[in-house]
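Notes to accompany the following structure.
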Amino acid sequence: MVFPSSNVRATSSMAYPVSLSSLHHHPNSHHACFPPSKTNHDNTHKYIETPRISKRSLIFLPVPSLLYTSSSFALDDTTIPSTSAIDTTITDRIFMDFSVCPSYFRSDRTLGAELATCPDSEPFGRVIFGLYGRHLPLTTANFKTTCTTAAYRGTLVHKLLQGQFFVAGHQGPRRDKGEVQPPTGLVRNAETVDPKAFELKHARPGTLSLCLGQNDDDDDIKFNPNYHNVEFLVTTGPGPCPELDGQNIVFGTVLEGMDVITSIATIPTYKPAERIRFFNDFAQLIGDERAQTARALWDRPLKTIYISDCGELKVTKPSLSPPSLP
């Protein structure tokens with residue numbers, strides 16, 4: 001049986017329109033897929049013979065070749081998530097006042113005194129964050145509760161990677177060391193295991209993110225069944241931080257006070273010497289727990305930057321996020 005040429009073109013876009021044996025035309029076969037070519041005696045035009053492909057050679061074709069030989073196997077770009085479709089409406093506004101405590105390392109400092117009661121505190125500036133409550137209601141609710149209950153008050157900015165981000169909200173019982181004790185009433189955050197929660201990227205300075213991949217809470221705290229992660233990071237710029245994508249949950253952005261963020265980013269940090277890094281790596285290799293304790297001091301700001309106050313700014317209605325949001 002001979003198929004019309006229009007049918008031949010239509011079926012060529014299918015995955016397997018005919019059996020592989022039909023690819024080989026035999027002159028004596030009455031079930032050949034294509035009619036035999038007539039001999040060109042007048043030589044007015046030349047037929048170009050299509051190269052024959054054996055059955056065995058089809059097996060060894062690379063996978064991309066098999067995928068793109070058929071339109072039915074073409075990749076559908078509509079399945080790739082787009083950040084433009086994410087609802088980044090700002091539902092809540094949170095303020096944080098950052099300050100410096102010059103007497104934090106002085107020997108005459110009162111033993112056990114909380115950082116929030118620093119006697120010679122120097123204001124650094126206020127930052128206002130906008131939260132994406134519609135996209136991430138659980139993460140936003142926990143962050144908002146921690147701020148409104150003043151649990152973040154007296155929290156130390158304990159890690160700073162210059163040109164990238166800073167981290168605050170290390171959890172622990174030592175308020176005199178700037179650690180956070182989460183308040184009661186926090187919900188169990190199921191968004192930390194939801195792939196949709198990681199769709200937003202750390203594409204610009206001032207991105208507010210829940211620390212997961214960069215979280216440095218102690219293991220005995222993380223293994224607690226009632227553990228709630230309250231550690232957060234803020235990107236400082238000048239460029240994006242793609243290494244944070246897929247590991248931390250972006251749930252807000254800086255609305256005001258970006259100059260405060262960039263000022264924090266200029267504070268010098270502790271950088272261990274190469275010899276100390278070598279011995280620390282060796283200690284960690286042999287399982288010495290002191291290696292992790294020592295490593296916690298790396299990238300710590302040499303000035304005591306802490307959150308001196310925090311809370312919520314009431315708004316009449318939610319507003320759209322900045323148009324430059326990725």
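By convention in this document, the chains of the structure tokens carry letters A, B, ... by their order, each chain's residues are numbered from 1, and ligands are numbered from 1 in the order they are shown.
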Worksheet entry | Close residues, A:Cys101 itself excluded, 10 Å, only C-alpha atoms, min 3 positions apart in chain, as a ChimeraX atom specification | /A:104-105,115-123,303-306,308
Fill in: Who sits within 12 Å of A:Lys271, only C-alpha atoms, same chain under 5 positions skipped, as a ChimeraX atom specification
/A:159-162,276-277,294-302
Practice prompt. Enumerate the residues of stretch 193-274 of chain A with a DSSP assignment of helix (DSSP H, G or I), computed from the backbone, and present them as an NGL selection string.
Written response: :A and (193 or 195-198 or 219-222 or 242-244 or 258-265 or 274)
Discussion item. Can you measure atom CA of A:Ala151 to atom CA of A:Phe251 for me? One decimal in Å is fine.
Written reply: 19.0 Å
Discussion item. Quick check, in Å to one decimal: how far apart do atom CA of A:Pro137 and atom CA of A:Asn189 lie?
Written reply: 9.4 Å
Worksheet item: Taking only C-alpha atoms into account, which of A:Ser263, A:Asn248, A:Thr140, A:Ser99 comes nearest A:Val187?
Response: A:Thr140
Practice prompt. Fewer than 3 positions away in the same chain doesn't count, so skip those; otherwise give me all residues within 7 Å of A:Ser209, counting only C-alpha atoms, as an MDAnalysis selection string.
Written response: chainID A and resid 232:234 248:252
Practice prompt. In Å, rounded to a single decimal, give me how far atom CA of A:Lys222 is from atom CA of A:Ile261.
Written response: 28.4 Å
Worksheet item: With distances taken over only C-alpha atoms, which of A:Ser103, A:Gln181, A:Asn226, A:Gln284 is nearest to A:Gly154?
Response: A:Gln181
Worksheet item: What residues in stretch 92-253 of chain A get the DSSP label strand (DSSP E)? Please answer as a VMD selection string.
Response: chain A and resid 92 to 100 122 to 131 155 to 161 165 to 168 207 to 210 232 to 235 249 to 253
With only C-alpha atoms counted and 12 Å as the cut-off, give the residues of stretch 116-206 of chain A in contact with stretch 211-219 of chain A, each with its shortest interatomic distance in Å and the pair that gives it, as a Markdown table.
| residue | atom | partner | partner_atom | distance |
| --- | --- | --- | --- | --- |
| A:Thr139 | CA | A:Cys211 | CA | 11.1 |
| A:Phe143 | CA | A:Cys211 | CA | 11.8 |
| A:His158 | CA | A:Asp216 | CA | 10.2 |
| A:Lys159 | CA | A:Asp216 | CA | 9.8 |
| A:Leu160 | CA | A:Gln214 | CA | 11.7 |
| A:Leu161 | CA | A:Gln214 | CA | 11.5 |
| A:Phe165 | CA | A:Gln214 | CA | 10.7 |
| A:Phe166 | CA | A:Gln214 | CA | 10.4 |
| A:Val167 | CA | A:Cys211 | CA | 8.1 |
| A:Ala168 | CA | A:Cys211 | CA | 9.3 |
| A:Gly169 | CA | A:Asp217 | CA | 9.3 |
| A:His170 | CA | A:Asp217 | CA | 6.1 |
| A:Gln171 | CA | A:Asp217 | CA | 6.0 |
| A:Gly172 | CA | A:Asp217 | CA | 7.9 |
| A:Pro173 | CA | A:Asp218 | CA | 11.3 |
| A:Glu179 | CA | A:Asp217 | CA | 10.0 |
| A:Val180 | CA | A:Asp217 | CA | 10.4 |
| A:Gln181 | CA | A:Asp217 | CA | 11.8 |
| A:Glu191 | CA | A:Leu212 | CA | 11.4 |
| A:Thr192 | CA | A:Leu212 | CA | 8.1 |
| A:Val193 | CA | A:Leu212 | CA | 10.5 |
| A:Ala197 | CA | A:Leu212 | CA | 11.9 |
| A:Phe198 | CA | A:Leu212 | CA | 10.8 |
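If you count only C-alpha atoms and ignore residues fewer than 6 places along the chain from A:Leu255, what sits within 8 Å of it is Val127, Ile128, Phe129 and Gly130 of chain A.
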Discussion item. What's around stretch 200-202 of chain A at 6 Å? Count only C-alpha atoms, leave out sequence neighbours fewer than 3 positions away in its own chain, and write the answer as a PyMOL selection string.
Written reply: chain A and resi 240-241+245+250
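Candidate residues A:Val157, A:Leu285, A:Ile221, A:Thr145 were compared for distance to A:Gly185, and the nearest is A:Thr145, using only C-alpha atoms.
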